[in-house]
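These notes are about the structure you will find just below.
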Amino acid sequence: MSLPAADLARRLARNAEAVCRHYLSNGHREGRYWLVGDVANTRGRSLFVRLSGPDHGKGAAGKWTDAATGEHGDLLDLIALNQGLDRLRDTLDEARAFLALPPDQLAPRRDRLPAPRGSPESARRLYAISKPIEGTLAQRYLHSRAIVTVADGDPLRFHPRCYYRPDDDSPTETWPALIAAVTDLGGRITGAHRTWLDRSGQGKAPVDSPRRAMGHLLGHGVRFGVADDVMAAGEGIETMLSLRTIVPTLPMVAALSANHLAALLFPPTLRRLYVARDADPAGDAATASLCHRAEAAGIEVGRLSPCFDDFNEDLRRLGVERLRASVRRQLAPQDIVRFLALVTA
């Protein structure tokens, strides 16, 4: 019979220093505590783990607190956060392995194994352990881009401590991040897009590449709404969210780059495609390629052109009403009735 979580937590607490040396190797012992930057093993002194004390109650061994964030818990919580495990069973298996205890008597599952870095499974796990964006830095970041409304079903989440490595030779950092699910035409998550954020929420993190995607991306994208016969497609998440502010019921997809926009797969029921172009050479080339492919597939094409560099800049500089007027002039008459009538009524 497998040990209950409480017993595993106590066993970990009795070996608290060994746990810290294994999972928080960038820290060090100082008196009765292990000091490190955070649960992701960043160098620093913000997080402290009590190494000795009673099994439970005040001052118990194994209890930890991050003074910078207010996060706290026991060593099972710490292992889950450190390893990116979102299910209790996975955390218990990891703890048993560390303690060299027999595995759970239930049959092992393949999805408990570490996911390869950058794989679709790794992307699914990241999305699963992230949380809704309401009230988070991600929402504050979108507000700073004049995007004030995100629908409940939109595939956007927030992770307060998302790993970031400038390159393979650099140490891992953690930054808050806007997480977006990349899905295929059937709605299955094939990847994830991360936008690392400044801790003020007023912009992107001050790192070399604050936007990165992982998983299988080619042909797929971040989808807003379910496409049927009409859809809009563009490059960036903020670009498509800006258009969604104007026409919230028009299904959209963000392909995440010009190259991926050119290779986007079409829903089998699609009859009309609007391509929201970015006003630069790469955007023009991607728009031309996608339009050519759509027309060859018998899909009617409409081009949506911004007044400035992209539709998010339009939203911030023109405001909602002037942007709506600009987009209205570029929609087919039947789509004005279908997607704008209720918005402007």
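Residue names in the structure tokens use chain letters A, B, ... in the order shown, residue numbers from 1 in each chain, and ligand numbers from 1 in the order shown.
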Requested in this report: May I have the residues within 7 Å of A:Gly219 as a ChimeraX atom specification, using only C-alpha atoms and disregarding those fewer than 5 positions away in the same chain?
Outcome: /A:260,263-265
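Within 7 Å of stretch 172-184 of chain A there are Thr42, Tyr127, Ala138, Pro155, Leu156, Arg157, Phe158, His159, Pro160, Arg161, Cys162, Tyr163, Tyr164, Arg165, Ile189, Thr190, Gly191, Ala192, His193, Arg194, Thr195, Trp196, Leu197, Arg199, His220, Gly221 and Val222 of chain A, counting only C-alpha atoms and ignoring same-chain residues fewer than 5 positions away.
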Writing out the chosen residues with N, CA and C atoms as a short mmCIF file (atom, residue, chain, number, x, y, z; two decimals), in the first residue's frame:
```cif
data_model
loop_
_atom_site.label_atom_id
_atom_site.label_comp_id
_atom_site.auth_asym_id
_atom_site.auth_seq_id
_atom_site.Cartn_x
_atom_site.Cartn_y
_atom_site.Cartn_z
N THR A 42 16.56 29.45 -8.25
CA THR A 42 17.32 30.64 -8.62
C THR A 42 18.20 31.06 -7.45
N TYR A 127 0.72 24.74 -19.65
CA TYR A 127 -0.60 25.38 -19.71
C TYR A 127 -1.48 24.91 -18.56
N ALA A 138 -0.60 39.37 -16.11
CA ALA A 138 -0.92 39.19 -17.54
C ALA A 138 -2.07 40.09 -17.94
N PRO A 155 -7.88 31.11 -24.86
CA PRO A 155 -6.83 30.19 -24.38
C PRO A 155 -5.62 30.91 -23.79
N LEU A 156 -5.85 31.80 -22.84
CA LEU A 156 -4.79 32.59 -22.24
C LEU A 156 -4.73 32.34 -20.75
N ARG A 157 -3.53 32.15 -20.24
CA ARG A 157 -3.34 31.93 -18.80
C ARG A 157 -2.10 32.68 -18.33
N PHE A 158 -1.85 32.59 -17.03
CA PHE A 158 -0.74 33.30 -16.42
C PHE A 158 0.07 32.35 -15.56
N HIS A 159 1.40 32.45 -15.68
CA HIS A 159 2.29 31.68 -14.80
C HIS A 159 3.20 32.68 -14.09
N PRO A 160 3.20 32.69 -12.76
CA PRO A 160 3.98 33.70 -12.03
C PRO A 160 5.48 33.49 -12.07
N ARG A 161 5.92 32.25 -12.35
CA ARG A 161 7.36 31.95 -12.32
C ARG A 161 7.71 31.01 -13.48
N CYS A 162 7.64 31.51 -14.66
CA CYS A 162 7.90 30.69 -15.84
C CYS A 162 9.40 30.70 -16.15
N TYR A 163 9.96 29.51 -16.37
CA TYR A 163 11.39 29.40 -16.62
C TYR A 163 11.80 30.13 -17.90
N TYR A 164 12.98 30.75 -17.84
CA TYR A 164 13.55 31.42 -19.01
C TYR A 164 15.07 31.21 -18.99
N ARG A 165 15.60 30.75 -20.12
CA ARG A 165 17.05 30.63 -20.26
C ARG A 165 17.48 31.39 -21.50
N ILE A 189 -4.19 20.65 -27.79
CA ILE A 189 -3.03 21.50 -27.54
C ILE A 189 -1.79 20.84 -28.11
N THR A 190 -1.12 21.54 -29.02
CA THR A 190 0.11 21.03 -29.62
C THR A 190 1.33 21.85 -29.20
N GLY A 191 1.10 22.98 -28.57
CA GLY A 191 2.21 23.84 -28.17
C GLY A 191 1.74 24.93 -27.24
N ALA A 192 2.66 25.78 -26.87
CA ALA A 192 2.34 26.92 -25.99
C ALA A 192 3.24 28.08 -26.36
N HIS A 193 2.71 29.27 -26.19
CA HIS A 193 3.47 30.49 -26.44
C HIS A 193 3.64 31.22 -25.12
N ARG A 194 4.86 31.68 -24.87
CA ARG A 194 5.15 32.40 -23.62
C ARG A 194 5.56 33.83 -23.94
N THR A 195 4.93 34.78 -23.26
CA THR A 195 5.37 36.17 -23.30
C THR A 195 5.81 36.52 -21.89
N TRP A 196 7.12 36.59 -21.67
CA TRP A 196 7.62 36.92 -20.34
C TRP A 196 7.40 38.41 -20.07
N LEU A 197 6.97 38.70 -18.84
CA LEU A 197 6.52 40.05 -18.52
C LEU A 197 7.41 40.72 -17.48
N ARG A 199 7.94 42.68 -14.14
CA ARG A 199 7.20 42.44 -12.89
C ARG A 199 6.26 43.58 -12.53
N HIS A 220 -0.65 25.33 -37.00
CA HIS A 220 -1.54 25.54 -35.86
C HIS A 220 -1.46 26.98 -35.37
N GLY A 221 -2.20 27.30 -34.30
CA GLY A 221 -2.17 28.67 -33.79
C GLY A 221 -2.95 28.81 -32.50
N VAL A 222 -2.94 30.02 -31.96
CA VAL A 222 -3.71 30.36 -30.76
C VAL A 222 -5.09 30.80 -31.25
#
```
Query raised in the report: Which residues come within 9 Å of stretch 21-28 of chain A, counting only C-alpha atoms, excluding same-chain residues fewer than 4 positions away, as a PyMOL selection string?
Result: chain A and resi 16-17+33-45+78-79+82-83+98
Mind writing the picked residues with N, CA and C atoms as a PDB file, in the first residue's frame?
```
ATOM      1  N   ALA A  16      15.125  17.068   5.348  1.00  0.00           N
ATOM      2  CA  ALA A  16      14.919  18.364   4.698  1.00  0.00           C
ATOM      3  C   ALA A  16      16.178  18.888   4.024  1.00  0.00           C
ATOM      4  N   GLU A  17      17.334  18.748   4.668  1.00  0.00           N
ATOM      5  CA  GLU A  17      18.548  19.288   4.059  1.00  0.00           C
ATOM      6  C   GLU A  17      18.895  18.521   2.780  1.00  0.00           C
ATOM      7  N   TYR A  33      18.280  27.008   8.601  1.00  0.00           N
ATOM      8  CA  TYR A  33      17.513  27.240   7.379  1.00  0.00           C
ATOM      9  C   TYR A  33      18.352  26.969   6.131  1.00  0.00           C
ATOM     10  N   TRP A  34      17.648  26.644   5.071  1.00  0.00           N
ATOM     11  CA  TRP A  34      18.249  26.600   3.734  1.00  0.00           C
ATOM     12  C   TRP A  34      17.738  27.823   2.975  1.00  0.00           C
ATOM     13  N   LEU A  35      18.654  28.626   2.432  1.00  0.00           N
ATOM     14  CA  LEU A  35      18.288  29.865   1.748  1.00  0.00           C
ATOM     15  C   LEU A  35      18.565  29.739   0.250  1.00  0.00           C
ATOM     16  N   VAL A  36      17.606  30.197  -0.549  1.00  0.00           N
ATOM     17  CA  VAL A  36      17.737  30.169  -1.996  1.00  0.00           C
ATOM     18  C   VAL A  36      16.830  31.261  -2.564  1.00  0.00           C
ATOM     19  N   GLY A  37      16.906  31.509  -3.871  1.00  0.00           N
ATOM     20  CA  GLY A  37      16.113  32.590  -4.462  1.00  0.00           C
ATOM     21  C   GLY A  37      14.633  32.306  -4.550  1.00  0.00           C
ATOM     22  N   ASP A  38      14.277  31.104  -5.004  1.00  0.00           N
ATOM     23  CA  ASP A  38      12.864  30.748  -5.158  1.00  0.00           C
ATOM     24  C   ASP A  38      12.740  29.258  -5.407  1.00  0.00           C
ATOM     25  N   VAL A  39      11.504  28.776  -5.607  1.00  0.00           N
ATOM     26  CA  VAL A  39      11.270  27.343  -5.793  1.00  0.00           C
ATOM     27  C   VAL A  39      11.887  26.816  -7.078  1.00  0.00           C
ATOM     28  N   ALA A  40      12.207  27.700  -8.029  1.00  0.00           N
ATOM     29  CA  ALA A  40      12.817  27.278  -9.292  1.00  0.00           C
ATOM     30  C   ALA A  40      14.332  27.139  -9.179  1.00  0.00           C
ATOM     31  N   ASN A  41      14.877  27.289  -7.950  1.00  0.00           N
ATOM     32  CA  ASN A  41      16.314  27.116  -7.695  1.00  0.00           C
ATOM     33  C   ASN A  41      17.145  28.267  -8.221  1.00  0.00           C
ATOM     34  N   THR A  42      16.564  29.447  -8.252  1.00  0.00           N
ATOM     35  CA  THR A  42      17.319  30.641  -8.622  1.00  0.00           C
ATOM     36  C   THR A  42      18.202  31.058  -7.451  1.00  0.00           C
ATOM     37  N   ARG A  43      19.372  31.567  -7.762  1.00  0.00           N
ATOM     38  CA  ARG A  43      20.250  32.037  -6.687  1.00  0.00           C
ATOM     39  C   ARG A  43      19.620  33.230  -5.970  1.00  0.00           C
ATOM     40  N   GLY A  44      19.798  33.291  -4.663  1.00  0.00           N
ATOM     41  CA  GLY A  44      19.257  34.397  -3.881  1.00  0.00           C
ATOM     42  C   GLY A  44      18.963  33.971  -2.462  1.00  0.00           C
ATOM     43  N   ARG A  45      18.195  34.807  -1.750  1.00  0.00           N
ATOM     44  CA  ARG A  45      17.936  34.548  -0.325  1.00  0.00           C
ATOM     45  C   ARG A  45      16.466  34.756   0.022  1.00  0.00           C
ATOM     46  N   LEU A  78       6.841  22.144  -2.428  1.00  0.00           N
ATOM     47  CA  LEU A  78       8.059  22.662  -3.039  1.00  0.00           C
ATOM     48  C   LEU A  78       8.485  21.793  -4.225  1.00  0.00           C
ATOM     49  N   ILE A  79       8.435  20.462  -4.053  1.00  0.00           N
ATOM     50  CA  ILE A  79       8.816  19.556  -5.141  1.00  0.00           C
ATOM     51  C   ILE A  79       7.886  19.739  -6.335  1.00  0.00           C
ATOM     52  N   ASN A  82       8.841  23.014  -8.024  1.00  0.00           N
ATOM     53  CA  ASN A  82      10.180  22.931  -8.589  1.00  0.00           C
ATOM     54  C   ASN A  82      10.214  22.087  -9.862  1.00  0.00           C
ATOM     55  N   GLN A  83       9.430  21.010  -9.868  1.00  0.00           N
ATOM     56  CA  GLN A  83       9.439  20.085 -11.008  1.00  0.00           C
ATOM     57  C   GLN A  83       8.325  20.362 -12.026  1.00  0.00           C
ATOM     58  N   PHE A  98      12.664  10.057  -4.718  1.00  0.00           N
ATOM     59  CA  PHE A  98      13.730  10.723  -3.981  1.00  0.00           C
ATOM     60  C   PHE A  98      14.069   9.959  -2.703  1.00  0.00           C
TER      61      PHE A  98
END
```
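If you look at atom CA of A:Pro268 and atom CA of A:Val230, they are 11.2 Å away from each other.
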Requested in this report: Give the alpha helix (DSSP H) residues of stretch 38-209 of chain A, as assigned by DSSP on the backbone, as a PyMOL selection string.
Outcome: chain A and resi 75-83+88-99+120-129+137-144
Quick one: contact table of stretch 107-151 of chain A to stretch 242-249 of chain A, 10 Å max, nearest atom pair and distance in Å to one decimal per residue, counting only C-alpha atoms, chain and number order, as CSV?
```
residue,atom,partner,partner_atom,distance
A:Leu142,CA,A:Ser242,CA,9.9
A:Arg145,CA,A:Ser242,CA,8.8
A:Ala146,CA,A:Ser242,CA,8.0
A:Ile147,CA,A:Ser242,CA,6.3
A:Val148,CA,A:Thr245,CA,8.2
A:Thr149,CA,A:Thr245,CA,7.0
A:Val150,CA,A:Thr245,CA,8.5
A:Ala151,CA,A:Pro248,CA,8.6
```
Write out as a short mmCIF file (atom, residue, chain, number, x, y, z; two decimals) with N, CA, C and O atoms, in the first residue's frame all residues of stretch 208-254 of chain A that backbone DSSP assigns to strand (DSSP E).
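So result.cif came out as:
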```cif
data_model
loop_
_atom_site.label_atom_id
_atom_site.label_comp_id
_atom_site.auth_asym_id
_atom_site.auth_seq_id
_atom_site.Cartn_x
_atom_site.Cartn_y
_atom_site.Cartn_z
N ARG A 211 9.52 36.65 -26.11
CA ARG A 211 8.47 35.81 -26.68
C ARG A 211 9.10 34.54 -27.25
O ARG A 211 10.03 34.61 -28.05
N ARG A 212 8.57 33.41 -26.83
CA ARG A 212 9.03 32.14 -27.38
C ARG A 212 7.86 31.15 -27.42
O ARG A 212 7.00 31.17 -26.54
N ALA A 213 7.89 30.29 -28.42
CA ALA A 213 6.88 29.25 -28.53
C ALA A 213 7.55 27.89 -28.40
O ALA A 213 8.75 27.75 -28.65
N MET A 214 6.78 26.89 -27.99
CA MET A 214 7.29 25.54 -27.83
C MET A 214 6.25 24.56 -28.34
O MET A 214 5.06 24.87 -28.41
N GLY A 215 6.70 23.36 -28.71
CA GLY A 215 5.77 22.34 -29.18
C GLY A 215 5.72 22.27 -30.69
O GLY A 215 6.61 22.74 -31.39
N VAL A 222 -2.94 30.02 -31.96
CA VAL A 222 -3.71 30.36 -30.76
C VAL A 222 -5.09 30.80 -31.25
O VAL A 222 -5.21 31.80 -31.97
N ARG A 223 -6.13 30.05 -30.88
CA ARG A 223 -7.46 30.24 -31.47
C ARG A 223 -8.40 30.95 -30.51
O ARG A 223 -8.51 30.60 -29.34
N PHE A 224 -9.08 31.93 -31.05
CA PHE A 224 -10.09 32.69 -30.32
C PHE A 224 -11.43 32.43 -30.99
O PHE A 224 -11.69 32.93 -32.08
N VAL A 230 -16.28 31.45 -41.66
CA VAL A 230 -15.55 32.71 -41.74
C VAL A 230 -14.55 32.77 -40.60
O VAL A 230 -14.86 32.39 -39.46
N MET A 231 -13.36 33.29 -40.89
CA MET A 231 -12.31 33.34 -39.87
C MET A 231 -11.34 34.46 -40.23
O MET A 231 -11.17 34.81 -41.40
N ALA A 232 -10.68 35.01 -39.22
CA ALA A 232 -9.59 35.96 -39.43
C ALA A 232 -8.30 35.35 -38.89
O ALA A 232 -8.33 34.62 -37.89
N ALA A 233 -7.19 35.63 -39.56
CA ALA A 233 -5.89 35.09 -39.13
C ALA A 233 -4.85 36.19 -39.20
O ALA A 233 -4.88 37.04 -40.09
N GLY A 234 -3.92 36.17 -38.27
CA GLY A 234 -2.82 37.13 -38.25
C GLY A 234 -1.65 36.55 -37.49
O GLY A 234 -1.66 35.39 -37.08
N MET A 252 -11.01 33.84 -34.70
CA MET A 252 -9.68 34.31 -35.10
C MET A 252 -8.62 33.32 -34.66
O MET A 252 -8.82 32.53 -33.75
N VAL A 253 -7.47 33.44 -35.31
CA VAL A 253 -6.32 32.63 -34.92
C VAL A 253 -5.05 33.46 -35.07
O VAL A 253 -4.89 34.20 -36.04
N ALA A 254 -4.18 33.38 -34.06
CA ALA A 254 -2.86 34.01 -34.11
C ALA A 254 -1.84 32.93 -34.42
O ALA A 254 -1.69 31.97 -33.65
#
```
**Report entry** For stretch 49-56 of chain A: contacts at 10 Å, only C-alpha atoms, fewer than 2 positions along chain excluded, given as a count of residues only
**Finding:** 34
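Near stretch 323-338 of chain A, within a cut-off of 7 Å and counting only C-alpha atoms, sit the residues Ile246, Leu304, Asp314, Leu315 and Leu318 of chain A, with same-chain residues fewer than 5 positions away left out.
Using only C-alpha atoms, the smallest distance between any of A:Leu250, A:Ile129, A:Ala285, A:Ala279 and A:Glu313 comes from A:Ala279.
When atom CA of A:Glu238 is paired with atom CA of A:Asp284, their separation reads 18.2 Å.
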Query raised in the report: By how many Å are atom CA of A:Ala282 and atom CA of A:Cys307 apart?
Result: 16.9 Å
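Every protein, DNA or RNA residue with an atom at most 8 Å from A:Leu76, where only C-alpha atoms count and chain neighbours fewer than 4 positions away do not, is listed here: Leu8, Ala9, Leu12, Ala80, Thr91, Leu92 and Ala95 of chain A.
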Query - Spatial neighbours of A:Ala286, 7 Å, only C-alpha atoms, chain gap at least 5 places, as a PyMOL selection string - result: chain A and resi 258-259+261-262
File of the preceding selection, all heavy atoms, as a PDB file, in the first residue's frame:
```
ATOM      1  N   ALA A 258       5.340  35.337 -38.947  1.00  0.00           N
ATOM      2  CA  ALA A 258       5.015  35.462 -40.362  1.00  0.00           C
ATOM      3  C   ALA A 258       5.133  34.114 -41.071  1.00  0.00           C
ATOM      4  O   ALA A 258       4.264  33.733 -41.867  1.00  0.00           O
ATOM      5  CB  ALA A 258       5.942  36.491 -41.011  1.00  0.00           C
ATOM      6  N   ASN A 259       6.196  33.371 -40.787  1.00  0.00           N
ATOM      7  CA  ASN A 259       6.371  32.071 -41.432  1.00  0.00           C
ATOM      8  C   ASN A 259       5.240  31.107 -41.100  1.00  0.00           C
ATOM      9  O   ASN A 259       4.757  30.369 -41.966  1.00  0.00           O
ATOM     10  CB  ASN A 259       7.711  31.460 -41.037  1.00  0.00           C
ATOM     11  CG  ASN A 259       8.890  32.161 -41.682  1.00  0.00           C
ATOM     12  OD1 ASN A 259       8.740  32.818 -42.711  1.00  0.00           O
ATOM     13  ND2 ASN A 259      10.062  32.048 -41.077  1.00  0.00           N
ATOM     14  N   LEU A 261       2.222  31.972 -40.156  1.00  0.00           N
ATOM     15  CA  LEU A 261       0.994  32.462 -40.767  1.00  0.00           C
ATOM     16  C   LEU A 261       0.885  31.957 -42.201  1.00  0.00           C
ATOM     17  O   LEU A 261      -0.181  31.521 -42.646  1.00  0.00           O
ATOM     18  CB  LEU A 261       0.966  33.993 -40.748  1.00  0.00           C
ATOM     19  CG  LEU A 261      -0.259  34.658 -41.395  1.00  0.00           C
ATOM     20  CD1 LEU A 261      -1.549  34.267 -40.674  1.00  0.00           C
ATOM     21  CD2 LEU A 261      -0.107  36.174 -41.427  1.00  0.00           C
ATOM     22  N   ALA A 262       1.982  31.990 -42.927  1.00  0.00           N
ATOM     23  CA  ALA A 262       1.965  31.524 -44.314  1.00  0.00           C
ATOM     24  C   ALA A 262       1.600  30.053 -44.421  1.00  0.00           C
ATOM     25  O   ALA A 262       1.045  29.614 -45.432  1.00  0.00           O
ATOM     26  CB  ALA A 262       3.330  31.774 -44.954  1.00  0.00           C
TER      27      ALA A 262
END
```
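Distance check against A:Ser257 using only C-alpha atoms: of A:Leu218, A:Leu270, A:Ala341, A:Leu241, the minimum falls on A:Leu218.
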